[in-house]
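As provided, target-v2.cif (mmCIF, C-alpha atoms) reads as follows.
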data_input
#
loop_
_atom_site.label_atom_id
_atom_site.label_comp_id
_atom_site.auth_asym_id
_atom_site.auth_seq_id
_atom_site.Cartn_x
_atom_site.Cartn_y
_atom_site.Cartn_z
CA MET K 1429 40.46 45.36 -33.35
CA SER K 1430 41.73 48.23 -31.29
CA ASP K 1431 41.16 48.24 -27.57
CA HIS K 1432 41.38 52.03 -27.40
CA HIS K 1433 37.72 52.84 -27.54
CA ASP K 1434 38.15 56.37 -28.78
CA SER K 1435 40.69 55.60 -31.52
CA PRO K 1436 39.57 56.43 -35.05
CA ASP K 1437 39.69 52.79 -36.10
CA ALA K 1438 37.45 51.69 -33.24
CA THR K 1439 35.00 54.45 -34.10
CA ILE K 1440 34.84 53.48 -37.74
CA SER K 1441 34.66 49.83 -36.83
CA ALA K 1442 31.63 50.49 -34.64
CA ARG K 1443 30.04 52.55 -37.41
CA VAL K 1444 30.50 49.75 -39.93
CA ARG K 1445 29.03 47.22 -37.49
CA THR K 1446 26.03 49.47 -36.95
CA ILE K 1447 25.39 49.79 -40.67
CA GLU K 1448 25.93 46.10 -41.26
CA SER K 1449 23.46 45.00 -38.60
CA ARG K 1450 20.89 47.56 -39.74
CA LEU K 1451 21.17 46.29 -43.31
CA GLU K 1452 20.85 42.71 -42.08
CA GLN K 1453 17.70 43.68 -40.15
CA LEU K 1454 16.31 45.17 -43.33
CA GLY K 1455 17.08 41.95 -45.21
CA LEU K 1456 19.51 43.71 -47.52
CA LEU K 1457 22.56 41.83 -46.33
CA ASP K 1458 23.20 38.22 -45.61
CA PRO K 1459 26.20 37.62 -43.34
CA ARG K 1460 27.14 34.49 -45.26
CA GLU K 1461 27.10 36.53 -48.48
CA LEU K 1462 29.67 38.85 -46.96
CA ASP K 1463 31.99 36.03 -45.97
CA GLN K 1464 31.71 34.51 -49.43
CA ALA K 1465 32.44 37.81 -51.16
CA MET K 1466 35.56 38.32 -49.09
CA ALA K 1467 36.84 34.78 -49.49
CA ALA K 1468 36.25 34.81 -53.24
CA PHE K 1469 38.00 38.13 -53.65
CA LEU K 1470 41.07 37.09 -51.72
CA SER K 1471 41.44 33.62 -53.17
CA HIS K 1472 40.74 34.08 -56.86
CA ALA K 1473 42.35 37.43 -57.44
CA SER K 1474 46.10 37.02 -57.19
CA VAL K 1475 49.32 38.26 -58.73
CA GLY K 1476 50.20 34.66 -59.57
CA ASN K 1477 47.53 34.80 -62.26
CA GLY K 1478 49.14 37.71 -64.06
CA ALA K 1479 52.57 36.14 -63.74
CA ARG K 1480 51.31 32.96 -65.41
CA VAL K 1481 49.89 35.00 -68.27
CA VAL K 1482 53.21 36.75 -68.79
CA ALA K 1483 55.24 33.54 -68.60
CA ARG K 1484 52.98 31.83 -71.12
CA ALA K 1485 53.27 34.80 -73.48
CA TRP K 1486 57.05 34.61 -73.19
CA VAL K 1487 57.24 30.96 -74.21
CA ASP K 1488 54.33 30.72 -76.64
CA GLU K 1489 54.33 33.18 -79.52
CA GLY K 1490 50.83 32.17 -80.62
CA PHE K 1491 49.43 32.83 -77.15
CA ARG K 1492 51.20 36.16 -77.01
CA LYS K 1493 49.64 37.19 -80.29
CA ARG K 1494 46.17 36.12 -79.16
CA LEU K 1495 46.67 37.85 -75.82
CA LEU K 1496 47.59 41.15 -77.42
CA GLU K 1497 44.74 40.93 -79.91
CA ASP K 1498 41.94 39.92 -77.54
CA ALA K 1499 43.08 39.34 -73.99
CA ASN K 1500 39.64 38.36 -72.66
CA ALA K 1501 39.46 35.55 -75.23
CA ALA K 1502 42.99 34.35 -74.45
CA LEU K 1503 42.70 34.21 -70.63
CA PRO K 1504 40.53 31.05 -70.56
CA GLU K 1505 43.44 29.17 -72.17
CA LEU K 1506 45.00 29.41 -68.71
CA GLY K 1507 41.72 28.89 -66.89
CA LEU K 1508 41.56 32.58 -66.05
CA SER K 1509 39.01 35.29 -66.61
CA MET K 1510 38.28 38.88 -65.66
CA SER K 1511 35.01 37.96 -63.98
CA GLY K 1512 34.53 37.86 -60.24
CA GLY K 1513 34.42 41.62 -60.05
CA ILE K 1514 31.53 44.02 -59.98
CA ARG K 1515 31.22 44.01 -63.76
CA ASP K 1516 33.09 41.92 -66.32
CA GLN K 1517 35.89 44.05 -67.55
CA ARG K 1518 37.69 44.30 -70.85
CA LEU K 1519 41.37 43.47 -70.45
CA LYS K 1520 43.99 45.09 -72.62
CA VAL K 1521 47.54 43.77 -72.32
CA VAL K 1522 50.16 46.29 -73.42
CA PRO K 1523 53.60 44.95 -74.36
CA ASN K 1524 56.91 46.53 -73.46
CA THR K 1525 59.40 46.45 -76.33
CA ASP K 1526 62.92 47.66 -76.97
CA SER K 1527 61.51 51.07 -77.88
CA GLU K 1528 58.30 51.30 -75.88
CA HIS K 1529 57.62 51.21 -72.16
CA ASN K 1530 54.12 51.15 -70.68
CA VAL K 1531 52.77 52.13 -67.30
CA ILE K 1532 49.20 52.04 -65.98
CA VAL K 1533 47.19 54.26 -63.68
CA CYS K 1534 43.64 55.26 -62.86
CA THR K 1535 43.81 59.00 -62.23
CA LEU K 1536 40.10 59.33 -61.41
CA CYS K 1537 39.77 56.50 -58.90
CA SER K 1538 41.54 53.12 -58.60
CA CYS K 1539 40.64 50.88 -61.56
CA TYR K 1540 43.09 47.99 -61.65
CA PRO K 1541 43.17 44.42 -63.06
CA VAL K 1542 42.47 42.84 -59.67
CA ALA K 1543 41.69 39.41 -61.12
CA LEU K 1544 45.24 39.16 -62.46
CA LEU K 1545 47.28 41.18 -59.98
CA GLY K 1546 45.35 40.75 -56.75
CA PRO K 1547 44.22 43.73 -54.65
CA SER K 1548 45.93 46.95 -55.63
CA PRO K 1549 48.62 48.45 -53.40
CA THR K 1550 47.79 51.62 -51.50
CA TRP K 1551 50.37 53.60 -53.45
CA TYR K 1552 48.58 52.85 -56.73
CA LYS K 1553 45.41 54.38 -55.31
CA SER K 1554 47.21 57.38 -53.80
CA GLU K 1555 46.87 60.95 -55.04
CA SER K 1556 50.66 61.03 -55.13
CA TYR K 1557 50.87 58.35 -57.81
CA ARG K 1558 47.70 59.19 -59.68
CA SER K 1559 48.59 62.86 -59.98
CA ARG K 1560 52.22 62.45 -60.92
CA VAL K 1561 52.55 59.50 -63.29
CA VAL K 1562 50.55 61.16 -66.08
CA ARG K 1563 52.66 64.30 -65.87
CA GLU K 1564 56.13 62.87 -65.28
CA PRO K 1565 56.28 59.09 -65.66
CA ARG K 1566 60.07 58.95 -65.96
CA ALA K 1567 60.51 60.73 -62.64
CA VAL K 1568 57.99 58.42 -60.97
CA LEU K 1569 59.73 55.34 -62.35
CA HIS K 1570 63.04 56.75 -61.18
CA ASP K 1571 61.59 57.00 -57.67
CA PHE K 1572 60.63 53.34 -57.96
CA GLY K 1573 64.27 52.58 -58.73
CA TYR K 1574 63.75 52.09 -62.44
CA ASP K 1575 65.56 54.41 -64.84
CA VAL K 1576 64.00 53.94 -68.24
CA ASP K 1577 66.45 54.37 -71.12
CA PRO K 1578 66.01 57.94 -72.42
CA ARG K 1579 65.58 56.60 -75.94
CA MET K 1580 62.55 54.55 -74.91
CA HIS K 1581 59.15 56.07 -75.52
CA ILE K 1582 56.68 55.84 -72.64
CA THR K 1583 52.91 55.42 -72.87
CA VAL K 1584 50.77 55.98 -69.80
CA TRP K 1585 47.43 54.13 -69.88
CA ASP K 1586 44.79 55.87 -67.77
CA ALA K 1587 42.01 53.37 -67.04
CA ASN K 1588 38.99 55.68 -66.95
CA ALA K 1589 36.39 53.32 -68.42
CA GLU K 1590 35.64 49.58 -68.50
CA THR K 1591 39.05 48.51 -69.77
CA ARG K 1592 41.67 47.27 -67.32
CA TYR K 1593 45.28 47.34 -68.43
CA MET K 1594 48.17 45.02 -67.66
CA VAL K 1595 51.72 45.48 -68.86
CA LEU K 1596 53.46 42.57 -70.56
CA PRO K 1597 57.10 43.09 -69.50
CA GLN K 1598 59.95 42.03 -71.71
CA ARG K 1599 61.45 38.65 -70.97
CA PRO K 1600 64.77 39.08 -69.15
CA ALA K 1601 67.74 38.45 -71.41
CA ASP K 1602 69.32 35.90 -69.09
CA SER K 1603 66.21 33.71 -68.71
CA ALA K 1604 66.81 31.25 -71.52
CA GLY K 1605 66.32 27.65 -70.48
CA LEU K 1606 63.92 28.44 -67.66
CA GLY K 1607 60.62 26.61 -67.61
CA GLU K 1608 57.29 28.39 -67.57
CA ASP K 1609 56.86 28.12 -63.78
CA GLU K 1610 60.35 29.49 -63.19
CA LEU K 1611 59.68 32.32 -65.61
CA ALA K 1612 56.48 33.21 -63.76
CA GLN K 1613 58.58 33.62 -60.60
CA LEU K 1614 60.55 36.38 -62.34
CA VAL K 1615 57.44 38.47 -62.94
CA SER K 1616 56.49 41.05 -60.34
CA ARG K 1617 53.28 42.96 -59.74
CA ASP K 1618 55.22 46.18 -60.18
CA GLY K 1619 56.44 44.94 -63.55
CA MET K 1620 52.87 44.32 -64.66
CA ILE K 1621 51.90 47.84 -63.57
CA GLY K 1622 54.94 49.22 -65.35
CA VAL K 1623 56.90 50.74 -62.46
CA ALA K 1624 59.56 48.01 -62.71
CA PRO K 1625 61.15 46.40 -65.76
CA VAL K 1626 59.72 42.95 -64.98
CA MET I 883 33.23 40.75 -74.30
CA GLN I 884 31.02 42.49 -76.78
CA PRO I 885 29.25 39.95 -78.98
CA GLY I 886 27.81 40.71 -82.35
CA ILE I 887 29.11 43.06 -84.96
CA SER I 888 32.80 43.70 -85.31
CA TRP I 889 34.27 47.15 -85.25
CA MET I 890 34.86 47.22 -88.98
CA SER I 891 31.20 46.69 -89.72
CA ARG I 892 30.31 49.27 -87.09
CA THR I 893 32.46 51.92 -88.64
CA THR I 894 30.24 52.08 -91.67
CA MET I 895 27.48 53.29 -89.36
CA ALA I 896 27.00 57.01 -89.26
CA ASP I 897 28.62 58.72 -86.30
CA GLU I 898 30.94 55.85 -85.49
CA LEU I 899 34.64 56.48 -85.32
CA ARG I 900 37.46 54.60 -86.99
CA PRO I 901 41.09 54.02 -86.10
CA GLY I 902 43.09 57.04 -87.15
CA ASP I 903 40.23 59.50 -86.68
CA VAL I 904 41.39 62.71 -85.05
CA VAL I 905 39.10 63.77 -82.23
CA GLU I 906 38.72 66.52 -79.68
CA THR I 907 37.62 66.19 -76.08
CA PRO I 908 35.17 68.58 -74.42
CA ARG I 909 36.54 71.87 -73.17
CA THR I 910 33.98 72.62 -70.50
CA ASP I 911 33.57 71.13 -67.05
CA PRO I 912 30.19 69.63 -66.31
CA PRO I 913 28.73 69.99 -62.81
CA HIS I 914 28.21 66.24 -62.55
CA HIS I 915 30.13 62.98 -62.57
CA THR I 916 32.05 62.38 -65.75
CA ARG I 917 35.01 60.31 -66.89
CA VAL I 918 36.92 62.98 -68.81
CA PRO I 919 39.82 63.99 -66.56
CA ARG I 920 40.45 67.70 -66.40
CA TYR I 921 44.01 67.28 -67.73
CA ALA I 922 42.54 65.91 -70.99
CA ARG I 923 39.94 68.62 -71.60
CA GLY I 924 40.05 70.45 -74.89
CA ALA I 925 42.73 68.09 -76.21
CA THR I 926 43.22 66.54 -79.61
CA GLY I 927 43.92 62.83 -79.88
CA THR I 928 43.75 59.91 -82.26
CA VAL I 929 41.33 57.00 -82.07
CA VAL I 930 43.27 53.74 -81.85
CA ASP I 931 40.74 51.12 -80.79
CA PHE I 932 37.13 50.29 -80.02
CA GLU I 933 36.32 49.08 -76.51
CA GLY I 934 32.69 48.10 -76.79
CA GLU I 935 29.44 49.78 -75.92
CA HIS I 936 28.59 51.08 -72.49
CA PRO I 937 26.08 53.54 -71.09
CA LEU I 938 27.40 57.03 -70.43
CA PRO I 939 28.53 57.17 -66.78
CA ASP I 940 27.54 60.84 -66.55
CA ASN I 941 23.93 59.69 -66.91
CA ARG I 942 24.17 56.46 -64.97
CA ALA I 943 25.50 58.35 -61.98
CA ARG I 944 22.45 60.61 -61.99
CA GLY I 945 19.85 57.90 -62.52
CA ILE I 946 19.20 59.06 -66.08
CA ALA I 947 18.28 56.13 -68.30
CA THR I 948 20.73 55.86 -71.10
CA ALA I 949 21.50 53.41 -73.90
CA PRO I 950 24.98 51.96 -74.37
CA GLU I 951 27.18 53.88 -76.77
CA SER I 952 30.56 53.26 -78.32
CA VAL I 953 33.67 53.71 -76.21
CA TYR I 954 36.96 54.31 -77.97
CA THR I 955 40.60 54.19 -76.99
CA VAL I 956 42.19 57.54 -77.77
CA ARG I 957 45.91 58.29 -77.75
CA PHE I 958 47.15 61.77 -76.84
CA ALA I 959 50.62 63.18 -77.28
CA GLY I 960 51.76 64.24 -73.84
CA ASP I 961 52.76 67.72 -74.96
CA GLN I 962 49.09 68.32 -75.83
CA LEU I 963 48.37 67.99 -72.15
CA PHE I 964 51.48 68.93 -70.16
CA ASP I 965 54.28 71.27 -71.22
CA GLY I 966 57.49 69.69 -72.38
CA THR I 967 56.58 66.02 -72.07
CA ASP I 968 57.70 63.29 -74.43
CA HIS I 969 55.33 60.51 -73.40
CA ASP I 970 51.85 59.63 -74.66
CA ILE I 971 48.73 59.20 -72.59
CA VAL I 972 45.93 56.85 -73.59
CA LEU I 973 42.39 57.30 -72.30
CA SER I 974 39.02 55.78 -73.04
CA MET I 975 36.37 58.12 -74.40
CA TRP I 976 32.65 57.58 -74.79
CA ARG I 977 31.39 58.72 -78.20
CA SER I 978 29.39 61.51 -76.54
CA TYR I 979 32.61 63.04 -75.26
CA LEU I 980 34.24 63.34 -78.67
CA THR I 981 34.03 65.73 -81.57
CA LYS I 982 35.47 64.42 -84.78
CA LYS I 983 37.82 66.89 -86.39
CA ALA I 984 37.08 67.48 -90.08
CA ASP I 985 39.40 65.68 -92.46
CA ASP I 986 40.87 68.88 -93.78
CA GLU I 987 41.74 70.41 -90.40
CA MET Q 742 35.42 67.96 -63.64
CA GLY Q 743 36.41 70.30 -60.88
CA ARG Q 744 36.11 67.48 -58.35
CA ILE Q 745 38.78 66.52 -55.90
CA ASN Q 746 39.21 62.97 -57.18
CA ASP Q 747 40.34 64.33 -60.56
CA VAL Q 748 43.99 64.62 -59.61
CA GLY Q 749 45.78 63.69 -62.85
CA GLY Q 750 48.58 66.22 -63.31
CA MET Q 751 47.93 68.01 -60.02
CA GLN Q 752 51.13 69.08 -58.32
CA GLY Q 753 52.30 69.21 -54.74
CA PHE Q 754 51.32 65.82 -53.36
CA PRO Q 755 53.86 64.10 -51.11
CA SER Q 756 56.31 61.57 -52.52
CA ILE Q 757 54.87 58.14 -53.16
CA ALA Q 758 54.97 55.98 -50.03
CA ARG Q 759 55.18 52.24 -50.38
CA GLU Q 760 54.50 49.42 -47.94
CA ASP Q 761 56.11 46.07 -48.69
CA ASP Q 762 53.81 43.05 -48.82
CA GLU Q 763 50.83 45.02 -47.67
CA PRO Q 764 47.65 43.11 -46.89
CA ALA Q 765 44.50 43.65 -48.94
CA PHE Q 766 42.81 45.09 -45.86
CA HIS Q 767 44.57 46.90 -43.04
CA ALA Q 768 41.70 46.39 -40.61
CA ASP Q 769 38.67 44.10 -40.39
CA TRP Q 770 36.30 46.95 -40.97
CA GLU Q 771 37.88 47.60 -44.38
CA ALA Q 772 37.07 44.07 -45.48
CA HIS Q 773 33.51 44.53 -44.23
CA VAL Q 774 33.09 47.77 -46.14
CA PHE Q 775 34.42 46.06 -49.24
CA ALA Q 776 31.97 43.20 -48.89
CA ILE Q 777 28.99 45.41 -48.00
CA ASN Q 778 29.57 47.52 -51.09
CA ARG Q 779 29.85 44.42 -53.26
CA ALA Q 780 26.61 43.03 -51.88
CA LEU Q 781 24.67 46.27 -52.31
CA LEU Q 782 25.95 46.69 -55.87
CA ALA Q 783 24.99 43.12 -56.67
CA ARG Q 784 21.54 43.77 -55.23
CA GLY Q 785 21.17 46.78 -57.49
CA LEU Q 786 20.64 49.24 -54.67
CA TYR Q 787 22.94 51.54 -56.58
CA ASN Q 788 25.31 51.22 -59.51
CA LEU Q 789 29.07 51.69 -59.75
CA ASP Q 790 28.76 55.12 -61.35
CA GLU Q 791 26.53 56.34 -58.51
CA PHE Q 792 29.06 54.93 -56.05
CA ARG Q 793 31.96 56.79 -57.66
CA ASP Q 794 29.83 59.94 -57.83
CA ALA Q 795 29.03 59.71 -54.11
CA ILE Q 796 32.74 59.56 -53.27
CA GLU Q 797 33.54 62.41 -55.64
CA ARG Q 798 30.99 64.60 -53.85
CA MET Q 799 33.02 64.45 -50.65
CA SER Q 800 34.45 67.83 -49.74
CA PRO Q 801 38.08 68.17 -50.85
CA GLN Q 802 39.22 68.29 -47.23
CA ASP Q 803 37.32 65.15 -46.29
CA TYR Q 804 38.40 63.31 -49.44
CA LEU Q 805 42.10 64.03 -48.99
CA ALA Q 806 42.04 63.19 -45.30
CA ALA Q 807 40.19 59.92 -45.81
CA SER Q 808 41.87 56.59 -46.47
CA TYR Q 809 40.73 54.53 -49.44
CA TYR Q 810 38.16 52.46 -47.56
CA GLU Q 811 37.05 55.44 -45.52
CA ARG Q 812 36.06 56.92 -48.88
CA TRP Q 813 34.20 53.73 -49.74
CA LEU Q 814 32.37 53.91 -46.41
CA HIS Q 815 31.43 57.49 -47.15
CA GLY Q 816 30.13 56.50 -50.58
CA VAL Q 817 28.09 53.62 -49.22
CA THR Q 818 26.55 55.63 -46.39
CA THR Q 819 25.79 58.61 -48.61
CA LEU Q 820 23.90 56.41 -51.04
CA LEU Q 821 22.08 54.49 -48.32
CA VAL Q 822 20.79 57.76 -46.88
CA GLU Q 823 20.00 59.33 -50.27
CA LYS Q 824 18.13 56.23 -51.38
CA GLY Q 825 16.10 56.27 -48.18
CA VAL Q 826 17.39 52.91 -46.96
CA LEU Q 827 18.92 54.36 -43.84
CA ALA Q 828 18.09 57.51 -41.98
CA ALA Q 829 21.02 59.72 -40.99
CA GLY Q 830 20.22 58.79 -37.40
CA ASP Q 831 20.79 55.09 -38.14
CA LEU Q 832 24.44 55.82 -38.78
CA VAL Q 833 25.34 57.36 -35.48
CA ASP Q 834 26.01 54.75 -32.89
CA VAL Q 835 28.97 56.23 -31.16
CA ALA Q 836 29.91 59.87 -30.90
CA HIS Q 837 32.70 60.80 -33.21
CA ASP Q 838 34.19 63.89 -34.66
CA HIS Q 839 35.36 63.83 -38.23
CA GLY Q 840 36.25 67.50 -38.57
#

Before we go any further, please render this structure as structure tokens.
Amino acid sequence: MSDHHDSPDATISARVRTIESRLEQLGLLDPRELDQAMAAFLSHASVGNGARVVARAWVDEGFRKRLLEDANAALPELGLSMSGGIRDQRLKVVPNTDSEHNVIVCTLCSCYPVALLGPSPTWYKSESYRSRVVREPRAVLHDFGYDVDPRMHITVWDANAETRYMVLPQRPADSAGLGEDELAQLVSRDGMIGVAPV
Amino acid sequence: MQPGISWMSRTTMADELRPGDVVETPRTDPPHHTRVPRYARGATGTVVDFEGEHPLPDNRARGIATAPESVYTVRFAGDQLFDGTDHDIVLSMWRSYLTKKADDE
Amino acid sequence: MGRINDVGGMQGFPSIAREDDEPAFHADWEAHVFAINRALLARGLYNLDEFRDAIERMSPQDYLAASYYERWLHGVTTLLVEKGVLAAGDLVDVAHDHG
């Protein structure tokens, strides 16, 4: 908390406290409910979940097939689900291939597969990303340090409804012999958004 | 997910869309909340998947009671939307947003 | 829609800035706004579409100047006032100027 009483953060902080206590007075908020919501959000929603999904898909062809066909039905095989959010969401996993690269965005707001990737980064929610990636995805990926082969076709998935997308990156060529846990370590959040190769 | 009837049995129902159907998005801007982005207005795309049934957000945002309707995944060629692009963009579209183009168009 | 949130394809925004290992919330108040919104949605005070609509109705200047959770706070307070849960006067505890 800031100790500069006229800083914007302190002002907003005070405003939020005012609203919170008013809502508690009205019986519309329970302070314990708030703590629970925050703890649940931060503990269950994590990028490790998505990485496990990817690693499993890399080693288990049957799981990969099921994941691509009906991701919501496949997640429980790993003890995962898309619930825990405001509404249960439909998950669609989109696979990168030798000819196809995928990248996800929510141009209208910030829809994101939080359950599998954790809280979204600020850049994903920024006008800069949301405006540009639908118009020039190659240039955006270049700025992220990833130059997609010019022969690869790109699909941009704009999550404007109940579906949340996650990219299934290609397994790195030099990863043979690695176990599932080690493979999961290779998977990055940016790879599952599509702004990195893996 | 959506229990009950599969997409294939749904697509025999009148007004439902099927994979491969060519569709058009609305041209005009409404004065209210909607989930058609302006860059995809008046565009032609192809239905590729069925996402389930959900109430139209345009109505839900205004407190207008509304029944769930089909939501489809629609793929657009990028050069439909932005000059000189070679990528595709995929969006979800509620049935109410879409006009099916006649088979002979 | 001609609303400011509808930025797909819009040109002229600054280059994408990234922060390594950023936390979910950059200040306590952000976490509180997150949790308040969750609780009010769960209680059915408003729905997610109304919440998005409330944010989209921010003026373009306010929207672009606001951080992500500042927008959420705006959405929450707008709906609380419009639904008659809070009076506009309930919201002002300290003087502030937000342009």

How close does each residue of chain Q get to chain I, giving the shortest atom pair and distance in Å to one decimal for every residue with an atom at most 12 Å away, counting all atoms listed in the file, sorted by chain and residue number, as a tab-separated table?
residue	atom	partner	partner_atom	distance
Q:Met742	CA	I:Asp911	CA	5.0
Q:Gly743	CA	I:Asp911	CA	6.8
Q:Arg744	CA	I:His915	CA	8.6
Q:Ile745	CA	I:Arg920	CA	10.7
Q:Asn746	CA	I:Pro919	CA	9.5
Q:Asp747	CA	I:Pro919	CA	6.0
Q:Val748	CA	I:Pro919	CA	8.1
Q:Gly749	CA	I:Tyr921	CA	6.3
Q:Gly750	CA	I:Tyr921	CA	6.4
Q:Met751	CA	I:Tyr921	CA	8.7
Q:Gln752	CA	I:Phe964	CA	11.8
Q:Leu786	CA	I:Gly945	CA	11.7
Q:Tyr787	CA	I:Ala943	CA	9.1
Q:Asn788	CA	I:Ala943	CA	7.5
Q:Leu789	CA	I:Ala943	CA	7.9
Q:Asp790	CA	I:Ala943	CA	4.6
Q:Glu791	CA	I:Ala943	CA	4.1
Q:Phe792	CA	I:Ala943	CA	7.7
Q:Arg793	CA	I:Ala943	CA	7.9
Q:Asp794	CA	I:His915	CA	5.6
Q:Ala795	CA	I:Ala943	CA	8.7
Q:Ile796	CA	I:His915	CA	10.2
Q:Glu797	CA	I:His915	CA	7.7
Q:Arg798	CA	I:His915	CA	8.9
Q:Leu820	CA	I:Ala943	CA	11.2
Q:Lys824	CA	I:Gly945	CA	11.4

Pull out every residue of chain Q sitting within 8 Å of chain K, counting only C-alpha atoms, and send them as a ChimeraX atom specification.
/Q:746-752,754-760,763,765,768-770,772-777,779-784,793,809,814,831-835,837

Chain K contacts to chain I at 6 Å (all atoms listed in the file) as a VMD selection string
chain K and resid 1582 to 1586 1589

Specify as a list in words each residue included when the PyMOL selection byres ((chain K and resi 1612-1620) around 6) is applied to this file.
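Given this file, the PyMOL selection byres ((chain K and resi 1612-1620) around 6) evaluates to Ala1479, Arg1480, Ala1483, Met1594, Val1595, Asp1609, Glu1610, Leu1611, Ile1621, Gly1622, Val1623, Ala1624, Pro1625 and Val1626 of chain K.
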
Run the PyMOL selection byres ((chain K and resi 1505) around 12) against the file shown and list the residues it catches, as a compact mmCIF listing (two decimals) with C-alpha atoms, in the coordinates of the input.
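And here is the file that came out, result.txt:
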# COMPACT_ATOMS: atom_id res chain seq x y z
CA ARG K 1480 51.31 32.96 -65.41
CA VAL K 1481 49.89 35.00 -68.27
CA ARG K 1484 52.98 31.83 -71.12
CA ALA K 1485 53.27 34.80 -73.48
CA ASP K 1488 54.33 30.72 -76.64
CA GLY K 1490 50.83 32.17 -80.62
CA PHE K 1491 49.43 32.83 -77.15
CA ARG K 1492 51.20 36.16 -77.01
CA ARG K 1494 46.17 36.12 -79.16
CA LEU K 1495 46.67 37.85 -75.82
CA ALA K 1499 43.08 39.34 -73.99
CA ASN K 1500 39.64 38.36 -72.66
CA ALA K 1501 39.46 35.55 -75.23
CA ALA K 1502 42.99 34.35 -74.45
CA LEU K 1503 42.70 34.21 -70.63
CA PRO K 1504 40.53 31.05 -70.56
CA LEU K 1506 45.00 29.41 -68.71
CA GLY K 1507 41.72 28.89 -66.89
CA LEU K 1508 41.56 32.58 -66.05
CA SER K 1509 39.01 35.29 -66.61

What is the atom CA of Leu1569 of chain K to atom CA of Glu1528 of chain K distance in Å?
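So the answer is 14.2 Å.
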